[in-house]
Each structure stands twice: as C-alpha cells, then as structure tokens.
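Novice: Contents of final_31.tsv (TSV, C-alpha atoms) are below:
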```
chain	number	residue	atom	x	y	z
A	49	MET	CA	34.45	-11.37	-20.38
A	50	LYS	CA	31.44	-12.58	-18.41
A	51	HIS	CA	27.86	-12.38	-19.65
A	52	ARG	CA	26.25	-9.52	-17.76
A	53	ILE	CA	22.68	-10.07	-16.52
A	54	VAL	CA	21.01	-7.03	-14.97
A	55	VAL	CA	17.71	-7.38	-13.13
A	56	LEU	CA	15.71	-4.20	-12.60
A	57	GLY	CA	13.56	-4.43	-9.48
A	58	ALA	CA	13.69	-6.80	-6.51
A	59	GLY	CA	10.02	-7.37	-5.82
A	60	TYR	CA	8.44	-10.82	-6.00
A	61	ALA	CA	9.27	-11.21	-9.70
A	62	GLY	CA	12.74	-9.66	-9.81
A	63	ALA	CA	14.13	-11.22	-6.63
A	64	TYR	CA	12.79	-14.64	-7.64
A	65	ALA	CA	14.32	-14.41	-11.12
A	66	ALA	CA	17.70	-13.19	-9.90
A	67	GLY	CA	17.96	-15.91	-7.26
A	68	ASN	CA	17.04	-18.70	-9.65
A	69	LEU	CA	19.41	-17.47	-12.34
A	70	ALA	CA	22.17	-17.48	-9.71
A	71	ARG	CA	21.21	-21.04	-8.78
A	72	ARG	CA	21.48	-22.32	-12.32
A	73	LEU	CA	24.25	-20.36	-14.07
A	74	SER	CA	27.94	-20.63	-13.33
A	75	PRO	CA	29.57	-17.49	-11.90
A	76	ALA	CA	32.59	-18.36	-14.03
A	77	ASP	CA	30.64	-17.22	-17.08
A	78	THR	CA	27.98	-14.82	-15.78
A	79	GLU	CA	27.60	-11.91	-13.40
A	80	ILE	CA	24.19	-10.95	-12.05
A	81	THR	CA	23.38	-7.47	-10.80
A	82	VAL	CA	20.09	-6.50	-9.17
A	83	VAL	CA	19.11	-2.83	-9.13
A	84	ASN	CA	16.54	-1.78	-6.55
A	85	ALA	CA	15.58	1.60	-5.14
A	86	VAL	CA	15.12	0.49	-1.52
A	87	PRO	CA	17.26	-1.81	0.67
A	88	ASP	CA	14.39	-4.05	1.81
A	89	PHE	CA	12.36	-6.78	0.19
A	90	VAL	CA	8.80	-5.46	0.20
A	91	GLN	CA	5.97	-7.92	0.74
A	92	ARG	CA	3.61	-5.93	-1.41
A	93	MET	CA	0.68	-8.30	-0.88
A	94	ARG	CA	0.86	-7.59	2.85
A	95	LEU	CA	1.13	-3.81	2.70
A	96	PRO	CA	-2.54	-3.34	3.69
A	97	GLN	CA	-1.62	-5.11	6.93
A	98	LEU	CA	1.35	-2.82	7.44
A	99	ALA	CA	-0.80	0.24	6.86
A	100	ALA	CA	-3.39	-1.06	9.32
A	101	GLY	CA	-0.75	-1.19	12.06
A	102	GLN	CA	0.51	-4.75	11.94
A	103	GLU	CA	4.17	-5.72	11.75
A	104	ILE	CA	5.36	-7.58	8.67
A	105	GLU	CA	8.81	-8.82	7.79
A	106	ALA	CA	11.01	-6.76	5.46
A	107	PRO	CA	14.24	-8.72	4.93
A	108	LYS	CA	17.28	-6.73	3.90
A	109	LEU	CA	18.15	-7.46	0.29
A	110	ALA	CA	21.82	-7.47	1.25
A	111	ASP	CA	21.04	-10.44	3.51
A	112	VAL	CA	18.77	-12.10	0.95
A	113	PHE	CA	21.51	-12.05	-1.70
A	114	ALA	CA	24.43	-12.74	0.64
A	115	ASP	CA	26.65	-15.61	-0.53
A	116	THR	CA	24.75	-15.93	-3.81
A	117	GLY	CA	27.20	-14.10	-6.02
A	118	ILE	CA	24.49	-11.58	-6.90
A	119	ARG	CA	25.56	-7.94	-6.85
A	120	LEU	CA	23.06	-5.54	-5.30
A	121	ARG	CA	22.98	-1.93	-6.52
A	122	LEU	CA	20.76	0.29	-4.40
A	123	ALA	CA	19.71	2.91	-6.91
A	124	ARG	CA	16.70	4.26	-8.75
A	125	VAL	CA	16.40	3.35	-12.43
A	126	THR	CA	16.02	6.54	-14.45
A	127	ALA	CA	16.29	5.28	-18.02
A	128	VAL	CA	16.83	2.25	-20.22
A	129	ASP	CA	18.66	2.47	-23.54
A	130	PRO	CA	18.17	-0.89	-25.27
A	131	GLU	CA	20.08	0.22	-28.36
A	132	ARG	CA	23.26	0.89	-26.35
A	133	GLN	CA	22.37	-1.87	-23.85
A	134	VAL	CA	22.77	0.34	-20.81
A	135	VAL	CA	20.64	1.31	-17.83
A	136	ALA	CA	20.92	4.74	-16.21
A	137	VAL	CA	20.60	4.85	-12.42
A	138	ALA	CA	20.62	7.50	-9.71
A	139	ASP	CA	21.86	7.00	-6.16
A	140	ALA	CA	23.44	8.90	-3.30
A	141	ASP	CA	26.74	9.04	-5.18
A	142	GLY	CA	25.18	10.52	-8.30
A	143	GLY	CA	24.52	7.30	-10.19
A	144	GLY	CA	25.78	6.35	-13.61
A	145	GLU	CA	25.23	3.66	-16.21
A	146	LEU	CA	25.21	-0.13	-16.08
A	147	GLY	CA	25.89	-2.15	-19.20
A	148	TYR	CA	24.14	-5.44	-19.80
A	149	ASP	CA	24.04	-8.38	-22.19
A	150	THR	CA	20.70	-9.63	-20.87
A	151	LEU	CA	18.21	-7.35	-19.12
A	152	VAL	CA	15.36	-8.56	-16.91
A	153	TYR	CA	12.84	-5.74	-16.53
A	154	ALA	CA	10.81	-6.18	-13.33
A	155	LEU	CA	10.05	-2.64	-12.17
A	156	GLY	CA	6.48	-3.49	-11.25
A	157	SER	CA	3.65	-0.99	-10.91
A	158	HIS	CA	2.45	1.92	-8.82
A	159	VAL	CA	-0.88	3.51	-8.03
A	160	ALA	CA	-2.79	4.95	-10.99
A	161	ASP	CA	-4.61	8.21	-10.34
A	162	HIS	CA	-6.48	8.10	-13.69
A	163	GLY	CA	-6.14	11.85	-13.91
A	164	VAL	CA	-8.40	12.46	-10.91
A	165	PRO	CA	-7.49	15.84	-9.39
A	166	GLY	CA	-6.04	15.72	-5.89
A	167	VAL	CA	-5.07	12.03	-5.77
A	168	ALA	CA	-1.33	12.72	-5.90
A	169	GLU	CA	-1.54	15.54	-3.38
A	170	HIS	CA	-4.03	14.23	-0.84
A	171	ALA	CA	-4.62	10.49	-1.16
A	172	PHE	CA	-2.70	7.65	0.46
A	173	ASP	CA	-1.92	4.32	-1.21
A	174	VAL	CA	-0.49	0.90	-0.33
A	175	THR	CA	1.61	0.17	-3.42
A	176	GLY	CA	4.94	0.71	-1.65
A	177	ARG	CA	6.33	0.38	1.86
A	178	PRO	CA	6.95	4.14	2.34
A	179	SER	CA	3.42	5.01	1.23
A	180	ALA	CA	1.91	2.29	3.43
A	181	LEU	CA	3.88	3.65	6.39
A	182	ARG	CA	2.65	7.18	5.68
A	183	LEU	CA	-0.92	5.89	5.83
A	184	ARG	CA	-0.12	4.05	9.04
A	185	GLU	CA	1.21	7.25	10.61
A	186	ARG	CA	-1.97	9.06	9.64
A	187	LEU	CA	-4.16	6.35	11.13
A	188	ASP	CA	-2.03	6.39	14.30
A	189	SER	CA	-2.61	10.13	14.62
A	190	LEU	CA	-6.38	9.64	14.26
A	191	ASP	CA	-6.32	6.98	16.97
A	192	ARG	CA	-4.24	9.15	19.30
A	193	ARG	CA	-6.66	12.05	19.19
A	194	GLY	CA	-9.34	9.70	20.49
A	195	GLU	CA	-12.17	11.18	18.45
A	196	GLY	CA	-12.38	8.53	15.76
A	197	GLY	CA	-12.12	9.49	12.12
A	198	ASN	CA	-13.43	8.76	8.65
A	199	VAL	CA	-11.32	6.58	6.37
A	200	LEU	CA	-12.41	6.36	2.74
A	201	VAL	CA	-11.06	3.52	0.59
A	202	VAL	CA	-11.65	4.26	-3.09
A	203	GLY	CA	-11.73	1.14	-5.26
A	204	ASP	CA	-13.20	-2.30	-4.55
A	205	GLY	CA	-10.66	-4.52	-6.29
A	206	PRO	CA	-8.72	-7.00	-4.14
A	207	THR	CA	-6.36	-4.29	-2.86
A	208	GLY	CA	-9.22	-2.01	-1.87
A	209	ILE	CA	-11.14	-4.80	-0.17
A	210	GLU	CA	-8.08	-5.98	1.73
A	211	THR	CA	-7.16	-2.45	2.79
A	212	ALA	CA	-10.65	-1.66	4.05
A	213	THR	CA	-11.03	-4.92	5.97
A	214	GLU	CA	-7.55	-4.81	7.53
A	215	ILE	CA	-8.04	-1.24	8.76
A	216	ALA	CA	-11.53	-1.91	10.06
A	217	GLU	CA	-10.41	-5.02	11.94
A	218	SER	CA	-7.21	-3.51	13.38
A	219	ARG	CA	-8.66	-0.08	14.19
A	220	PRO	CA	-12.29	-0.48	15.29
A	221	GLY	CA	-12.38	3.11	16.54
A	222	LEU	CA	-12.25	4.44	12.97
A	223	SER	CA	-15.16	4.59	10.54
A	224	VAL	CA	-14.24	2.87	7.26
A	225	THR	CA	-16.13	3.36	4.00
A	226	LEU	CA	-15.43	1.32	0.86
A	227	ILE	CA	-16.35	3.07	-2.41
A	228	ALA	CA	-17.14	0.93	-5.46
A	229	ARG	CA	-17.73	2.22	-8.99
A	230	GLY	CA	-20.21	-0.60	-9.60
A	231	GLU	CA	-21.60	-3.45	-7.54
A	232	LEU	CA	-19.40	-4.48	-4.63
A	233	GLY	CA	-17.22	-7.42	-5.67
A	234	ALA	CA	-18.72	-7.48	-9.16
A	235	ARG	CA	-16.08	-9.92	-10.44
A	236	LEU	CA	-16.86	-12.47	-7.74
A	237	SER	CA	-19.50	-15.17	-7.84
A	238	ALA	CA	-22.86	-14.52	-6.24
A	239	GLY	CA	-21.93	-16.58	-3.19
A	240	ALA	CA	-18.61	-14.82	-2.75
A	241	ARG	CA	-20.27	-11.42	-3.10
A	242	GLY	CA	-22.64	-12.37	-0.32
A	243	HIS	CA	-19.73	-13.50	1.83
A	244	LEU	CA	-17.96	-10.19	1.19
A	245	ARG	CA	-21.04	-8.18	2.19
A	246	ARG	CA	-21.38	-10.13	5.40
A	247	ALA	CA	-17.72	-9.51	6.19
A	248	CYS	CA	-18.18	-5.78	5.64
A	249	ASP	CA	-21.23	-5.80	7.90
A	250	ARG	CA	-19.37	-7.72	10.58
A	251	LEU	CA	-16.45	-5.28	10.49
A	252	GLY	CA	-18.68	-2.21	10.39
A	253	ILE	CA	-17.55	-1.12	6.91
A	254	ALA	CA	-19.96	1.16	5.10
A	255	VAL	CA	-20.20	0.38	1.38
A	256	LEU	CA	-21.07	2.93	-1.30
A	257	GLU	CA	-21.81	1.27	-4.64
A	258	HIS	CA	-22.13	2.84	-8.09
A	259	THR	CA	-20.14	5.81	-6.86
A	260	SER	CA	-17.40	7.57	-8.80
A	261	VAL	CA	-14.93	9.90	-7.10
A	262	GLU	CA	-14.07	12.89	-9.27
A	263	VAL	CA	-11.97	15.06	-6.92
A	264	VAL	CA	-9.90	14.29	-3.83
A	265	GLU	CA	-9.31	17.11	-1.36
A	266	ALA	CA	-7.49	17.21	1.96
A	267	THR	CA	-10.60	16.64	4.09
A	268	ARG	CA	-13.20	15.36	1.65
A	269	VAL	CA	-13.90	13.76	-1.72
A	270	LEU	CA	-16.33	14.96	-4.36
A	271	CYS	CA	-18.37	12.37	-6.22
A	272	ALA	CA	-19.81	12.46	-9.73
A	273	ASP	CA	-23.38	12.58	-8.43
A	274	GLY	CA	-22.63	15.72	-6.41
A	275	THR	CA	-22.19	13.93	-3.10
A	276	THR	CA	-19.48	15.24	-0.77
A	277	LEU	CA	-17.91	12.79	1.67
A	278	ALA	CA	-15.86	13.93	4.66
A	279	SER	CA	-12.53	12.16	4.97
A	280	ASP	CA	-9.70	12.16	7.48
A	281	ALA	CA	-7.72	9.74	5.30
A	282	THR	CA	-8.51	8.85	1.70
A	283	VAL	CA	-6.86	5.67	0.42
A	284	TRP	CA	-6.70	5.35	-3.38
A	285	THR	CA	-6.76	1.76	-4.62
A	286	ALA	CA	-8.50	2.32	-7.96
A	287	GLY	CA	-5.98	0.64	-10.25
A	288	PHE	CA	-2.29	0.39	-11.06
A	289	ALA	CA	0.06	1.84	-13.66
A	290	VAL	CA	3.51	0.79	-14.83
A	291	ASN	CA	6.67	2.86	-14.91
A	292	PRO	CA	7.02	4.87	-18.15
A	293	ILE	CA	10.73	4.01	-18.47
A	294	ALA	CA	10.15	1.19	-20.94
A	295	THR	CA	8.10	3.43	-23.20
A	296	ALA	CA	10.66	6.23	-23.02
A	297	GLY	CA	13.44	3.78	-23.86
A	298	GLY	CA	11.84	2.72	-27.13
A	299	LEU	CA	10.74	-0.78	-26.16
A	300	GLU	CA	7.54	-1.93	-27.85
A	301	VAL	CA	4.78	-1.51	-25.30
A	302	THR	CA	1.00	-1.57	-24.99
A	303	HIS	CA	-1.12	1.57	-24.59
A	304	ASN	CA	-0.55	1.41	-20.82
A	305	GLY	CA	3.21	0.95	-21.04
A	306	GLN	CA	3.54	-2.80	-20.45
A	307	ILE	CA	6.31	-4.45	-22.47
A	308	ILE	CA	5.07	-6.69	-25.29
A	309	VAL	CA	6.81	-10.06	-25.26
A	310	ASP	CA	6.76	-13.43	-27.00
A	311	ARG	CA	5.85	-16.69	-25.28
A	312	THR	CA	9.23	-16.78	-23.51
A	313	MET	CA	8.87	-13.27	-21.98
A	314	ARG	CA	11.39	-11.83	-24.44
A	315	SER	CA	10.70	-8.35	-25.80
A	316	VAL	CA	9.41	-8.48	-29.38
A	317	SER	CA	11.41	-5.36	-30.23
A	318	HIS	CA	14.65	-5.97	-28.30
A	319	PRO	CA	15.37	-9.69	-27.89
A	320	ASN	CA	17.99	-9.35	-25.14
A	321	VAL	CA	15.36	-7.75	-22.87
A	322	TYR	CA	12.96	-9.89	-20.84
A	323	ALA	CA	9.99	-8.51	-18.91
A	324	ILE	CA	8.23	-10.13	-15.96
A	325	GLY	CA	5.66	-9.28	-13.30
A	326	ASP	CA	3.40	-6.26	-13.61
A	327	SER	CA	5.71	-4.75	-16.23
A	328	VAL	CA	4.87	-7.33	-18.90
A	329	HIS	CA	2.00	-7.80	-21.32
A	330	ALA	CA	2.01	-11.58	-21.39
A	331	ILE	CA	-0.63	-13.69	-23.08
A	332	GLY	CA	-1.69	-16.62	-20.92
A	333	ASP	CA	-2.47	-20.12	-22.02
A	334	ASN	CA	-6.13	-19.11	-22.33
A	335	GLY	CA	-5.28	-16.47	-24.93
A	336	ARG	CA	-5.97	-13.57	-22.56
A	337	PRO	CA	-3.45	-11.15	-21.01
A	338	LEU	CA	-2.33	-12.19	-17.55
A	339	PRO	CA	-3.54	-9.75	-14.89
A	340	MET	CA	-1.18	-7.84	-12.63
A	341	SER	CA	-0.78	-10.18	-9.66
A	342	CYS	CA	1.72	-12.08	-7.57
A	343	ALA	CA	0.66	-15.30	-9.31
A	344	SER	CA	1.43	-13.75	-12.70
A	345	ALA	CA	4.80	-12.60	-11.37
A	346	GLY	CA	5.65	-16.19	-10.53
A	347	HIS	CA	4.51	-17.59	-13.87
A	348	THR	CA	6.22	-14.96	-16.01
A	349	GLY	CA	9.35	-15.14	-13.87
A	350	ARG	CA	9.62	-18.91	-14.26
A	351	GLN	CA	9.18	-18.67	-18.02
A	352	ALA	CA	11.83	-15.96	-18.34
A	353	ILE	CA	14.28	-17.99	-16.25
A	354	GLU	CA	13.80	-21.04	-18.48
A	355	ALA	CA	14.26	-18.91	-21.60
A	356	ILE	CA	17.39	-17.11	-20.40
A	357	VAL	CA	19.07	-20.26	-19.12
A	358	GLY	CA	18.07	-22.25	-22.21
A	359	ARG	CA	19.42	-19.69	-24.65
A	360	LEU	CA	22.64	-19.14	-22.75
A	361	ILE	CA	23.55	-22.81	-22.33
A	362	GLY	CA	22.20	-23.93	-25.69
A	363	ARG	CA	19.31	-26.11	-24.58
A	364	THR	CA	15.70	-26.37	-25.68
A	365	ILE	CA	13.50	-23.84	-23.88
A	366	ALA	CA	10.67	-25.34	-21.89
A	367	ASN	CA	7.28	-23.63	-21.93
A	368	THR	CA	6.07	-23.18	-18.38
A	369	LYS	CA	2.42	-22.68	-17.46
A	370	LEU	CA	0.96	-19.21	-17.94
A	371	VAL	CA	-2.34	-19.53	-16.13
A	372	TYR	CA	-4.59	-17.54	-13.84
A	373	THR	CA	-6.96	-19.77	-11.94
A	374	TYR	CA	-8.16	-17.91	-8.87
A	375	ASN	CA	-8.47	-14.65	-6.95
A	376	HIS	CA	-7.52	-14.78	-3.30
A	377	ILE	CA	-8.71	-11.93	-1.09
A	378	SER	CA	-8.00	-11.45	2.61
A	379	LEU	CA	-10.81	-10.10	4.77
A	380	GLY	CA	-8.78	-9.34	7.85
A	381	ARG	CA	-6.74	-11.98	9.66
A	382	ARG	CA	-9.50	-14.53	10.22
A	383	ASP	CA	-11.53	-14.45	7.02
A	384	GLY	CA	-10.98	-14.57	3.31
A	385	ILE	CA	-12.31	-15.53	-0.11
A	386	LEU	CA	-10.77	-17.98	-2.56
A	387	GLN	CA	-12.55	-17.48	-5.88
A	388	THR	CA	-11.69	-19.76	-8.78
A	389	VAL	CA	-12.08	-18.42	-12.32
A	390	ASP	CA	-12.56	-20.06	-15.71
A	391	ASP	CA	-10.50	-19.70	-18.89
A	392	GLU	CA	-12.31	-16.45	-19.69
A	393	GLY	CA	-11.40	-14.97	-16.33
A	394	ARG	CA	-15.00	-15.22	-15.09
A	395	ALA	CA	-15.80	-16.32	-11.57
A	396	LYS	CA	-16.91	-19.92	-11.18
A	397	PRO	CA	-20.03	-20.48	-9.04
A	398	LYS	CA	-18.17	-22.18	-6.19
A	399	TYR	CA	-15.87	-20.36	-3.81
A	400	LYS	CA	-14.17	-20.99	-0.49
A	401	GLY	CA	-14.60	-18.50	2.33
A	402	GLY	CA	-13.90	-18.05	6.03
A	403	ARG	CA	-10.97	-19.15	8.16
A	404	LYS	CA	-9.82	-21.87	5.78
A	405	ALA	CA	-9.52	-19.37	2.92
A	406	ALA	CA	-7.63	-17.00	5.25
A	407	HIS	CA	-5.28	-19.82	6.25
A	408	ILE	CA	-4.58	-20.71	2.61
A	409	LYS	CA	-3.78	-17.08	1.78
A	410	ALA	CA	-1.48	-16.79	4.79
A	411	SER	CA	0.33	-19.97	3.73
A	412	ILE	CA	0.82	-18.61	0.20
A	413	LEU	CA	2.27	-15.37	1.56
A	414	LYS	CA	4.56	-17.26	3.93
A	415	MET	CA	5.78	-19.50	1.13
A	416	ALA	CA	6.40	-16.52	-1.19
A	417	LEU	CA	8.46	-14.78	1.49
A	418	TRP	CA	10.48	-17.90	2.25
A	419	ALA	CA	11.22	-18.59	-1.42
A	420	THR	CA	12.36	-15.00	-1.93
A	421	SER	CA	14.44	-14.91	1.25
A	422	HIS	CA	16.24	-18.14	0.28
A	423	PRO	CA	16.93	-17.56	-3.42
A	424	THR	CA	19.64	-20.17	-3.78
A	425	TYR	CA	18.28	-22.85	-1.44
A	426	GLY	CA	19.29	-26.24	-2.74
A	427	MET	CA	21.88	-24.64	-5.00
A	428	PRO	CA	23.36	-27.34	-7.23
A	429	LYS	CA	27.03	-28.15	-6.77
A	430	ARG	CA	27.51	-28.03	-10.54
A	431	LYS	CA	26.07	-25.04	-12.33
A	432	HIS	CA	25.52	-24.63	-16.05
A	433	ARG	CA	28.37	-23.20	-18.06
A	434	LEU	CA	27.58	-21.02	-21.03
A	435	ALA	CA	27.66	-22.56	-24.49
A	436	GLY	CA	30.59	-20.83	-26.15
A	437	ALA	CA	32.44	-17.54	-26.10
A	438	PRO	CA	30.61	-14.36	-24.98
A	439	ASP	CA	30.22	-13.00	-28.51
A	440	ALA	CA	28.79	-16.26	-29.79
A	441	ILE	CA	26.44	-16.46	-26.81
A	442	ALA	CA	25.20	-12.95	-27.43
A	443	GLU	CA	24.47	-13.77	-31.06
A	444	LYS	CA	22.66	-16.95	-30.08
A	445	ALA	CA	20.60	-15.14	-27.41
A	446	LEU	CA	19.45	-12.65	-30.02
A	447	ALA	CA	18.51	-15.34	-32.53
```
Any chance you could put this one into structure tokens?

Specialist:
Amino acid sequence: MKHRIVVLGAGYAGAYAAGNLARRLSPADTEITVVNAVPDFVQRMRLPQLAAGQEIEAPKLADVFADTGIRLRLARVTAVDPERQVVAVADADGGGELGYDTLVYALGSHVADHGVPGVAEHAFDVTGRPSALRLRERLDSLDRRGEGGNVLVVGDGPTGIETATEIAESRPGLSVTLIARGELGARLSAGARGHLRRACDRLGIAVLEHTSVEVVEATRVLCADGTTLASDATVWTAGFAVNPIATAGGLEVTHNGQIIVDRTMRSVSHPNVYAIGDSVHAIGDNGRPLPMSCASAGHTGRQAIEAIVGRLIGRTIANTKLVYTYNHISLGRRDGILQTVDDEGRAKPKYKGGRKAAHIKASILKMALWATSHPTYGMPKRKHRLAGAPDAIAEKALA
C-alpha cells in the first residue's frame, strides 16, 4: 500500500509543495493528491491587476500537474478529521472522503470583515479570482456609463495600496479614494511614505487618513466620525482571515485559526499534518510569527517539504530559512516600493522606489508563476524510495 499524501489547496504554497514532493519521492511508494476548489492556478498577488482590467495568466491545474503523477481533485474541502485521517470534500458529484497518511494543509486565507456590517453583502474584494472578476465587471459598468464613479478602497496595507493604484492607473475616469485607519503607509519608512504619497498624488488618488469605516452600504460607507462617503464600488482590503476548518477539526490553532506547528511545519497536536502558507502560525528565525505573504508561503513550504521527505526516507531534516526581510508593493505598472525590514519587522530607513522597484516585483511574480507552472522541472531520474514498509513509515513519521 502506498503512502498517501494529500495537499489541500493549490495556491502558491500548496502547488509548490505538491510539485516538489512529486519531484523527490518515488511514485512506487507514494501517491500525491491535490484538492482545490477551482480548476485554475490563481496568481493571488496579481489579482488587483485583474480587477483593474488587465489580463493575467491563470494556468489550468490539470496542465500544471500533467505528467507529474499528481492526482488533481477539483472539490471544496468541507472538513478535516485528523483522528480518522480523512478529509471531507464536496464537488459536482456529491463529494466524499479522502484518506491520508500525510496531510499538507494549505487552504490559505480570505477577506476578513472584522464584523463590520454590510461588508459581506456590499463590498468587493481581491482575495480570489471570482471576487476580483466581480469587481472588474462593476468597474467596467461604471466606465461604460461614461459618468465616472467613486471607488473606495478600505485598508492601506499592501493589498489596499496595490488595488487603489492599479485601478487609478488603469481607469483614470474613475475617482479612487484610499481609506487608512492611521497614517498612510505607517509601516513604511519615512522616505517610502513620501514616495507613496507622491504616487497617490500622481495617480489622482484621494487619501483619507485616521478614518474608520463602521458600516458598508450599497451606495455609501459610514465612518466612525459620522462622515458619509458616496461609493459606486467599495473594495474591502482591511485584513485577512483563515478558513475555520482546522479549528473545527480539532487541530491546535491560534485565536485566529492558524495551525500551530513546530519548526518543521508539523502540527503540534497531530504530527502527520503539516501546515504552510497563510494557514500556519510559524515562528520565524527572528522569534516572531511570519506574516501572511507569498514569501512566507515559500519559506514554510520549503521547510515542510524537507520535513516530509526527510521523515519518509529516514534522513536528517534540514532547517530551511524562515525569514521576512522586505515588503514589496506595486504602485501601478511603472512604480513600486521595496522596503526592507529588520529582525523586529520594523522598516529600515532605506528603501528602493520607482521603476526599478516595479521591475523587481514583476520579476518575482514572473518567477513565482514559472516555478508553479513547472512543478517537476529538472525532475531527477532516480527518486527517493521510502524507508521501510508503510506501517513502519507511518510510525516513524509520527515520532
């Protein structure tokens, strides 16, 4: 009987992990199944571009995993039962259960409404391809009517900044307002904050600082100070939340539902479960939790791969780097900010801005897409065989 590895989610973290496990483990001993709700690979970091009206690649996962030996199950994960070692899924045929010996949990995150009334009903977001396309359709309709329109972007983190700047650059006929709870770009250095303000001025983006949105309605938002802002499209980018499935399944999680793991990304409560990407509460080399980001997805994914392969083939597990060294923010297609941070996560004084920063970000995105679209590139002719019979391997993996 083969060792069953099930990967939940095929975003940056999940697709990367599945492909690299397929590269390194022999199909004679293992079978790898990836469960994903949609048939495409979603470039989440580029969804603000998609919403703004630009075309971005969305490779079919069936093509990505072709000839890799990886099984793709297009289904929505509805539950995880780590005691029985099964995953419940729902699909067009009604779904069912998948058993596993090793589970890689990479379900990512979605928009967090923080309990603000009206967000779910009236706001748009860019955390998934369908939601980004819904926003795009709304912006298209505003452009078609030829009367302009007010677009409010709530939240001035990297996603909010990128969404506001992409829309303003691609759709100059719309009025874009960026709403920040505190000072605009508060986590950036003074120089980078100045660069961001100049970019907003150049793109015609109005900035409202120290403003908290308390209610979202169909055509307006209500602020804590009593201000009412008219809106033809409200985009909510004020934070992210993880899927509650891990919590419901009994895995040990943090207050916000992220899975608590050891240094190798293995669940502290269920050692045959690994968590990566936004789903994991991983402590970086600086002693601080890694933030939700594509960079963190790569670091946690690499560590989980090393741990899974090492335990299954009986080799020493290497500790990969768990670091967060910079924030990279696009400001449209021709501008950007590369902000380095210190071990405490604070912005360093120096930053890189302008076209060079935009080019670096574009190169990172291109490289991430290529690596995901070619999961078994350079596949070794000889893959690792598992160290022993399935039962013995399972016992060793749990040790």

Novice: Using only C-alpha atoms, pick whichever of A:His347, A:Gly239, A:Gly305, A:Thr267 has the shortest atom-to-atom distance to A:Gly401.

Specialist: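 Ranking A:His347, A:Gly239, A:Gly305, A:Thr267 by distance to A:Gly401, first place goes to A:Gly239.
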
Novice: A:Ala65, A:Ile324, A:Ala85, A:Val255: which is nearest A:Arg229, counting all atoms listed in the file?

Specialist: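 Closest residue, counting all atoms listed in the file: A:Val255.
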
Novice: Write out as a ChimeraX atom specification which residues come within 9 Å of A:Val152 when counting only C-alpha atoms, dropping same-chain ones fewer than 5 positions away.

Specialist: /A:53-57,62,65-66,320-324,352

Novice: Counting all atoms listed in the file, note down every residue that has an atom within 10 Å of the point (-17.8, -1.3, -1.4) (file coordinates), as a PyMOL selection string.

Specialist: chain A and resi 201-205+208-209+212+225-234+244-245+248+253-259

Novice: For A:Leu122, which of A:Val224, A:Ala136, A:Ala168, A:Val86 is the closest residue, counting only C-alpha atoms?

Specialist: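 Answer, going by the shortest atom-to-atom distance: A:Val86.
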
Novice: Using all atoms listed in the file, what residues lie at most 9 Å away from (25.3, -18.5, -14.1) (file coordinates), given as a PyMOL selection string?

Specialist: chain A and resi 51+69-80+357+431-434

Novice: Please, what distance in Å, to one decimal, runs between atom CA of A:Asp326 and atom CA of A:Leu236?

Specialist: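 Those two atoms sit 22.0 Å apart.
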
Novice: Find the residues near A:Val134: any atom within 8 Å, counting all atoms listed in the file, skip ones fewer than 6 places away on the same chain, and give them as a VMD selection string.

Specialist: chain A and resid 128 145 to 148

Novice: Could you save the residues just selected, with C-alpha atoms, as a PDB file, in the coordinates of the input?

Specialist:
```
ATOM      1  CA  VAL A 128      16.830   2.250 -20.220  1.00  0.00           C
ATOM      2  CA  GLU A 145      25.230   3.660 -16.210  1.00  0.00           C
ATOM      3  CA  LEU A 146      25.210  -0.130 -16.080  1.00  0.00           C
ATOM      4  CA  GLY A 147      25.890  -2.150 -19.200  1.00  0.00           C
ATOM      5  CA  TYR A 148      24.140  -5.440 -19.800  1.00  0.00           C
TER       6      TYR A 148
END
```

Novice: Which polymer residues have any atom within 10 Å of an atom of A:Lys404, counting all atoms listed in the file, with same-chain residues fewer than 3 positions away left out, as a list of chain:residue names?

Specialist: A:Arg382, A:Asp383, A:Gly384, A:Ile385, A:Leu386, A:Lys400, A:Gly401, A:His407, A:Ile408, A:Lys409, A:Ala410
